[in-house]
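K.L.:
Take this structure first; my questions come after.
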Amino acid sequence: MNNNDEITQPLSDSPTYRLLGTTVLAYRYIIPHDAKVFVGDVVKITDREKGYIFFAKVTDLSHYTNHDEPHWDTSTWGGPQPGPDQDVFIEVHATPLGFIDDKQKFRSIRTIPARFSEVMTPSADDFLFLKEVMGDIEVGEMRTGLGVIPDVKVGIPSKVLSQHMGVFATTGMGKSNFMKVFCISCMKQRTIGMLVVDPHGEYVEGRTERSGAQTRGLTDYLPGRDGLSIYSVRPKAECERFGMKELCLEHDDFQISDLGILYELSPLLWEIVESLDTFKGSDVIDFFINEGVDSLPSVTKVTAGIGRHPEMADVLRSANPGPLRMIQRRIESLVQSNQRFLGRLGSSIKSIIEELNEQKLVLIDIPGMSERSELFILSAITRKILHDRENAVNAPHPDGIVREPSQVLIVIEEAQRVLSAGGMSTQVFRECAMEGRKFGVGLCAITQQPKNIDSRILAQMNTFVEMGLSDKDDRQIIAGSAKQDLTPMDTEVQTLSKGEAVISTIGIPFPISTKIHLFQEYLDQLNRQE
Ligand SMILES: Nc1ncnc2c1ncn2[C@@H]1O[C@H](COP(=O)(O)OP(=O)(O)OP(=O)(O)O)[C@@H](O)[C@H]1O
């Protein structure tokens with residue numbers, strides 16, 4: 001028998017155990033075979049010798065015994081059977097969250113508690129330190145085991161959001177609910193500008209659930225209404241009802257390379273698109289819609305009378321008419337299908353950017369419009385935001401002071417559409433992922449399939465919200481890309497239910513298990529509070 005792993009008798013009403021084998025990043029201790037402990041529980045470890053208090057999260061449980069006989073529990077005649085409360089225990093594995101030093105400062109884990117330090121359940125006061133490390137964009141409450149820790153709200157720090165955020169969840173696990181909670185917290189805090197394009201119209205006024213229940217929308221958060229600006233394609237009367245502005249994009253907001261985001265382009269078509277990428281969108285549209293490919297000298301076999309766009313005609317002189325006609329049809333279709341908001345002159349993008357700089361949530365409401373319209377609008381606005389900020393950073397600063405730009409977060413739903421590996425077609429979003437942080441522009445990529453996101457882009461993301469992914473490969477990709485080690489939490493991640501998440505962000509020193517607020521309840525609470 002090996003008697004090292006004895007259970008220390010409880011010192012108080014809350015059972016106290018003793019820390020046993022540990023490394024800096026992995027703790028273990030033994031509890032009675034019938035003690036109630038759950039994966040996800042947070043425990044407090046008091047190292048009286050150094051005067052430090054450590055916090056750790058239970059990551060796994062296993063059966064444990066002191067019996068040396070290897071088959072003691074399955075042998076019928078081999079020897080005496082142990083009584084259940086004598087030598088059989090539960091071994092608890094835990095991962096550290098951090099520690100409070102002798103000056104009461106919370107620190108990331110760099111040392112190890114003394115062997116046999118006391119392990120116990122923390123009291124409500126012990127969790128005060130957690131409040132100090134949380135960020136400002138509240139999204140839920142901290143989970144422990146089966147419940148939540150009262151009064152410890154989980155918030156994502158807005159200051160790290162220009163370093164991109166990923167929201168990963170299988171369908172039905174609560175992405176939409178999370179995003180709406182995140183949105184109203186952004187409206188409340190006004191510490192970051194946020195752009196959301198909503199092709200389903202559900203952010204404005206909610207939606208009808210499968211059960212028939214009607215959910216509410218962002219316009220129902222009345223005290224935070226100043227932090228919300230909506231641009232919509234809905235009829236005027238409806239726009240007035242919700243205080244929305246009319247969405248307008250002009251031909252110059254279009255760039256011919258947008259076609260690569262909206263359609264599959266063959267190499268021949270790409271060649272043409274690239275050759276025209278420096279021309280203004282209004283010229284490209286005017287040429288293809290009003291003059292047409294047949295006006296080109298190479299097509300009509302004449303050399304004179306090449307219309308209002310001689311330079312473009314010159315570039316296209318040697319292009320094959322077949323692919324050129326294909327490009328023309330694509331542009332005609334783009335102009336035709338987006339005529340509800342796309343016109344020759346008059347663009348909302350300037351005021352959208354101003355409102356983002358005022359740290360508002362800007363919602364582009366395009367119910368009933370296609371996925372192509374959604375991506376076109378998103379790419380046009382993203383490109384303008386990036387270029388404006390790039391110009392501002394590179395412009396001379398008369399007083400010699402370089403000011404940090406305000407932060408903007410651009411939300412991309414089903415992000416695998418534009419952030420998958422390979423291809424030049426989604427250049428503007430890749431540029432944003434790779435360079436955006438220099439200009440205070442972050443992406444919030446939402447996807448059910450993280451394995452289909454380019455690994456170089458995942459590596460740029462510093463905030464991960466993981467909400468229950470059924471696919472093992474997806475979970476492994478996330479664990480391998482997060483800046484904090486999520487592998488000890490794999491058991492917990494596998495057992496996440498609807499509305500639960502593990503949030504890992506460089507703004508908080510450890511990954512946090514979170515029960516995301518239910519939007520309706522959080523909305524009521526904010527409306528009441530304010
Ligand atoms: N934090 C939460 N607390 C309680 N219930 C939740 C929570 N989040 C989501 N749910 C419930 O789960 C259901 C699905 O949520 P939601 O629509 O947000 O999921 P989703 O991942 O966006 O699904 P889909 O991909 O189908 O749009 C909702 O009906 C909601 O009631």
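Chains: A, B, ... in order of the structure tokens. Residues: from 1 per chain. Ligands: from 1, in order shown.
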Skip range 407-424 of chain A itself and residues of its chain fewer than 4 positions away, then list as a VMD selection string all residues within 9 Å of it, counting only C-alpha atoms.
P.N.:
chain A and resid 158 to 159 161 to 162 164 to 165 191 to 198 260 to 261 356 to 357 359 375 378 382 385 429 to 430 433 437 439 to 457
K.L.:
Restrict the selected residues to C-alpha atoms and save them as a PDB file, in the first residue's frame.
P.N.:
```
ATOM      1  CA  SER A 158     -12.863  45.847 -26.221  1.00  0.00           C
ATOM      2  CA  LYS A 159      -9.221  46.987 -26.306  1.00  0.00           C
ATOM      3  CA  LEU A 161     -10.853  43.413 -30.468  1.00  0.00           C
ATOM      4  CA  SER A 162      -8.842  44.950 -33.284  1.00  0.00           C
ATOM      5  CA  HIS A 164      -9.777  39.871 -34.302  1.00  0.00           C
ATOM      6  CA  MET A 165     -12.309  37.585 -32.724  1.00  0.00           C
ATOM      7  CA  THR A 191     -15.919  51.659 -26.545  1.00  0.00           C
ATOM      8  CA  ILE A 192     -15.768  50.257 -30.066  1.00  0.00           C
ATOM      9  CA  GLY A 193     -17.497  50.826 -33.414  1.00  0.00           C
ATOM     10  CA  MET A 194     -19.130  47.708 -34.825  1.00  0.00           C
ATOM     11  CA  LEU A 195     -20.439  46.926 -38.306  1.00  0.00           C
ATOM     12  CA  VAL A 196     -23.048  44.192 -38.799  1.00  0.00           C
ATOM     13  CA  VAL A 197     -24.682  43.348 -42.137  1.00  0.00           C
ATOM     14  CA  ASP A 198     -27.933  41.480 -41.520  1.00  0.00           C
ATOM     15  CA  GLY A 260     -14.237  37.680 -57.338  1.00  0.00           C
ATOM     16  CA  ILE A 261     -16.061  37.647 -53.996  1.00  0.00           C
ATOM     17  CA  LEU A 356     -18.313  53.789 -36.540  1.00  0.00           C
ATOM     18  CA  ASN A 357     -15.667  56.290 -35.466  1.00  0.00           C
ATOM     19  CA  GLN A 359     -18.148  54.005 -31.575  1.00  0.00           C
ATOM     20  CA  LEU A 375     -20.965  40.286 -49.456  1.00  0.00           C
ATOM     21  CA  LEU A 378     -19.566  44.187 -46.680  1.00  0.00           C
ATOM     22  CA  THR A 382     -14.588  47.169 -45.372  1.00  0.00           C
ATOM     23  CA  ILE A 385     -12.726  51.739 -43.835  1.00  0.00           C
ATOM     24  CA  PHE A 429     -11.020  40.560 -45.973  1.00  0.00           C
ATOM     25  CA  ARG A 430      -7.598  38.891 -45.909  1.00  0.00           C
ATOM     26  CA  ALA A 433      -7.217  40.027 -41.104  1.00  0.00           C
ATOM     27  CA  ARG A 437      -4.936  45.697 -36.347  1.00  0.00           C
ATOM     28  CA  PHE A 439      -5.352  50.589 -38.219  1.00  0.00           C
ATOM     29  CA  GLY A 440      -7.636  49.583 -35.352  1.00  0.00           C
ATOM     30  CA  VAL A 441      -9.820  47.397 -37.602  1.00  0.00           C
ATOM     31  CA  GLY A 442     -10.727  43.934 -36.314  1.00  0.00           C
ATOM     32  CA  LEU A 443     -12.792  41.138 -37.815  1.00  0.00           C
ATOM     33  CA  CYS A 444     -15.378  39.153 -35.909  1.00  0.00           C
ATOM     34  CA  ALA A 445     -15.499  35.911 -37.886  1.00  0.00           C
ATOM     35  CA  ILE A 446     -18.490  33.702 -37.110  1.00  0.00           C
ATOM     36  CA  THR A 447     -18.432  30.160 -38.424  1.00  0.00           C
ATOM     37  CA  GLN A 448     -19.608  26.613 -37.847  1.00  0.00           C
ATOM     38  CA  GLN A 449     -16.521  25.261 -39.592  1.00  0.00           C
ATOM     39  CA  PRO A 450     -13.284  26.667 -38.174  1.00  0.00           C
ATOM     40  CA  LYS A 451     -11.338  23.999 -40.080  1.00  0.00           C
ATOM     41  CA  ASN A 452     -12.357  25.770 -43.289  1.00  0.00           C
ATOM     42  CA  ILE A 453     -10.835  29.075 -42.204  1.00  0.00           C
ATOM     43  CA  ASP A 454      -7.301  29.761 -43.395  1.00  0.00           C
ATOM     44  CA  SER A 455      -4.949  28.757 -40.561  1.00  0.00           C
ATOM     45  CA  ARG A 456      -2.892  31.943 -41.083  1.00  0.00           C
ATOM     46  CA  ILE A 457      -6.026  33.974 -40.407  1.00  0.00           C
TER      47      ILE A 457
END
```
K.L.:
Near Arg107 in chain A, within 7 Å and counting only C-alpha atoms, which residues show up once chain neighbours fewer than 3 positions away are dropped, as a list in words?
P.N.:
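So the residues in contact are Gly98, Phe99 and Ile100 of chain A.
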K.L.:
Give the residues close to ligand 1, within 12 Å, counting only C-alpha atoms and all ligand atoms; write them as a ChimeraX atom specification.
P.N.:
/A:139-141,143,167-182,200,202-203,206-216,413-414,446-449,466-469,496-501,514-522
K.L.:
Choose the residue, out of A:His251, A:Met142, A:Ala124, A:Phe129, that has the smallest atom-to-atom separation from Ile289 in chain A; count only C-alpha atoms.
P.N.:
A:His251
K.L.:
Got a sec: who's within 10 Å of Val37 in chain A, counting only C-alpha atoms, leaving out chain neighbours fewer than 4 positions off, as a list in words?
P.N.:
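Skipping anything fewer than 4 positions along the chain leaves Ile31, Asp41, Val42, Val58, Asp60, Leu61, Ile90, Val92, Gly145 and Leu146 of chain A.
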K.L.:
Find the spatial neighbours of range 333-342 of chain A, counting only C-alpha atoms, within a cut-off of 7 Å - ignore same-chain residues fewer than 3 positions away - and output them as a list in words.
P.N.:
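The contact residues come out as Val233, Leu247, Cys248, Leu249, Glu250, His251, Arg329, Arg330 and Ser373 of chain A.
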K.L.:
Which neighbours of Arg48 in chain A fall inside 9 Å, counting only C-alpha atoms, when residues of the same chain fewer than 2 positions from it are skipped, and could you give them as number ranges by chain?
P.N.:
A: 46, 50-53, 114, 117-118
K.L.:
Residues within 10 Å of Ile503 in chain A, please, as a list in words. Count only C-alpha atoms; anything in the same chain fewer than 3 positions from it doesn't count.
P.N.:
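Contacts, in chain order: Val154, Gly155, Ile156, Gly166, Val167, Thr463, Phe464, Val465, Glu466, Met467, Ala482, Gln484, Leu486, Glu500, Ile508, Phe510, Pro511, Ile512, Ser513 and Thr514 of chain A.
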K.L.:
As an exercise, work out the distance from CA of Cys183 in chain A to CA of Gly135 in chain A in Å and give it to one decimal place.
P.N.:
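These two atoms are separated by 14.7 Å.
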K.L.:
Excluding same-chain residues fewer than 5 positions from range 265-276 of chain A, what lies within 10 Å of it counting only C-alpha atoms, as a PyMOL selection string?
P.N.:
chain A and resi 255-260+281+284+312+315-316+319-320+322-327+424-425
K.L.:
Using only C-alpha atoms, can you tell me which of A:Leu363, A:Gly147, A:Pro199, A:Ala380 comes closest to Phe254 in chain A?
P.N.:
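Under the stated criterion, the closest residue is A:Ala380.
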K.L.:
From a DSSP pass on the backbone, collect the residues of range 37-138 of chain A flagged as strand (DSSP E or B) and hand them back as a ChimeraX atom specification.
P.N.:
/A:42-47,52-65,88-100,106-107,118-120,137-138
K.L.:
Would you mind exporting C-alpha atoms of the selected residues as a tab-separated table (two decimals), in the first residue's frame?
P.N.:
```
chain	number	residue	atom	x	y	z
A	42	VAL	CA	-13.33	26.42	-9.66
A	43	VAL	CA	-11.25	25.68	-6.53
A	44	LYS	CA	-9.08	27.80	-4.27
A	45	ILE	CA	-5.64	26.59	-3.20
A	46	THR	CA	-4.06	28.36	-0.24
A	47	ASP	CA	-0.28	28.24	-0.05
A	52	TYR	CA	-0.31	33.10	-2.19
A	53	ILE	CA	-3.81	32.05	-3.14
A	54	PHE	CA	-4.10	30.04	-6.34
A	55	PHE	CA	-7.27	29.39	-8.34
A	56	ALA	CA	-7.75	26.34	-10.53
A	57	LYS	CA	-10.47	24.75	-12.60
A	58	VAL	CA	-11.35	21.07	-12.42
A	59	THR	CA	-10.70	19.54	-15.83
A	60	ASP	CA	-11.12	15.81	-15.27
A	61	LEU	CA	-11.99	13.17	-12.65
A	62	SER	CA	-10.87	9.57	-12.42
A	63	HIS	CA	-11.15	6.63	-10.04
A	64	TYR	CA	-8.17	6.13	-7.81
A	65	THR	CA	-7.00	3.60	-5.25
A	88	VAL	CA	-10.91	4.11	-3.12
A	89	PHE	CA	-10.98	7.76	-4.00
A	90	ILE	CA	-11.61	10.17	-6.83
A	91	GLU	CA	-8.55	11.76	-8.32
A	92	VAL	CA	-9.22	15.32	-9.40
A	93	HIS	CA	-7.23	16.94	-12.19
A	94	ALA	CA	-7.22	20.71	-12.34
A	95	THR	CA	-5.64	23.43	-14.42
A	96	PRO	CA	-4.49	26.69	-12.82
A	97	LEU	CA	-6.18	30.02	-13.62
A	98	GLY	CA	-3.71	32.30	-11.82
A	99	PHE	CA	-2.79	33.39	-8.32
A	100	ILE	CA	-3.10	36.33	-5.96
A	106	PHE	CA	-3.73	38.80	-9.51
A	107	ARG	CA	-1.00	37.23	-11.62
A	118	GLU	CA	-5.18	23.36	1.13
A	119	VAL	CA	-7.71	22.93	-1.67
A	120	MET	CA	-11.23	24.15	-1.00
A	137	ILE	CA	-18.21	44.06	-23.17
A	138	GLU	CA	-20.41	41.90	-20.94
```
K.L.:
By how many Å are CA of Ile109 in chain A and CA of Lys472 in chain A apart?
P.N.:
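Taking CA of Ile109 in chain A and CA of Lys472 in chain A, their separation equals 28.3 Å.
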K.L.:
Could you pull out all residues of range 291-404 of chain A with a DSSP call of alpha helix (DSSP H) and give them as a tab-separated table (two decimals) with C-alpha atoms, in the first residue's frame?
P.N.:
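Output file result24.tsv follows:
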```
chain	number	residue	atom	x	y	z
A	297	PRO	CA	-12.24	48.17	-81.40
A	298	SER	CA	-10.91	44.60	-81.09
A	299	VAL	CA	-14.43	43.27	-81.08
A	300	THR	CA	-15.93	45.39	-83.83
A	310	PRO	CA	-10.53	55.08	-74.26
A	311	GLU	CA	-8.02	53.98	-71.62
A	312	MET	CA	-10.16	51.06	-70.57
A	313	ALA	CA	-10.78	50.17	-74.19
A	314	ASP	CA	-7.04	50.23	-74.71
A	315	VAL	CA	-6.43	47.80	-71.83
A	316	LEU	CA	-9.12	45.48	-73.14
A	321	PRO	CA	-14.65	38.77	-76.37
A	322	GLY	CA	-16.16	35.63	-74.76
A	323	PRO	CA	-14.80	36.24	-71.22
A	324	LEU	CA	-15.40	39.99	-71.67
A	325	ARG	CA	-19.08	39.35	-72.37
A	326	MET	CA	-19.20	37.13	-69.31
A	327	ILE	CA	-17.81	39.99	-67.19
A	328	GLN	CA	-20.38	42.32	-68.75
A	329	ARG	CA	-23.23	39.95	-67.79
A	330	ARG	CA	-21.90	39.73	-64.23
A	331	ILE	CA	-21.79	43.52	-63.90
A	332	GLU	CA	-25.25	43.92	-65.43
A	333	SER	CA	-26.59	41.37	-62.97
A	334	LEU	CA	-24.86	43.11	-60.01
A	335	VAL	CA	-26.31	46.50	-60.95
A	336	GLN	CA	-29.74	45.03	-61.64
A	337	SER	CA	-30.04	42.92	-58.48
A	349	ILE	CA	-20.48	54.90	-46.59
A	350	LYS	CA	-19.03	58.23	-45.46
A	351	SER	CA	-21.61	58.65	-42.71
A	352	ILE	CA	-21.38	54.95	-41.81
A	353	ILE	CA	-17.65	55.41	-41.20
A	354	GLU	CA	-18.25	58.57	-39.17
A	355	GLU	CA	-20.69	56.71	-36.96
A	356	LEU	CA	-18.31	53.79	-36.54
A	357	ASN	CA	-15.67	56.29	-35.47
A	371	GLU	CA	-25.91	36.53	-50.18
A	372	ARG	CA	-24.15	38.34	-53.06
A	373	SER	CA	-25.65	41.65	-51.99
A	374	GLU	CA	-24.56	41.03	-48.41
A	375	LEU	CA	-20.96	40.29	-49.46
A	376	PHE	CA	-20.86	43.18	-51.90
A	377	ILE	CA	-21.95	45.67	-49.23
A	378	LEU	CA	-19.57	44.19	-46.68
A	379	SER	CA	-16.59	44.28	-49.01
A	380	ALA	CA	-17.33	47.84	-50.22
A	381	ILE	CA	-17.56	49.20	-46.66
A	382	THR	CA	-14.59	47.17	-45.37
A	383	ARG	CA	-12.40	48.39	-48.23
A	384	LYS	CA	-13.31	52.02	-47.59
A	385	ILE	CA	-12.73	51.74	-43.84
A	386	LEU	CA	-9.31	50.15	-44.38
A	387	HIS	CA	-8.20	52.63	-47.03
A	388	ASP	CA	-9.37	55.67	-45.07
A	389	ARG	CA	-7.47	54.52	-42.00
A	390	GLU	CA	-4.40	53.57	-43.99
A	391	ASN	CA	-4.38	57.06	-45.50
A	392	ALA	CA	-4.89	58.65	-42.08
A	393	VAL	CA	-1.96	56.71	-40.59
A	394	ASN	CA	0.32	57.52	-43.51
```
K.L.:
CA of Ala395 in chain A and CA of Phe279 in chain A, how far apart in Å?
P.N.:
23.3 Å
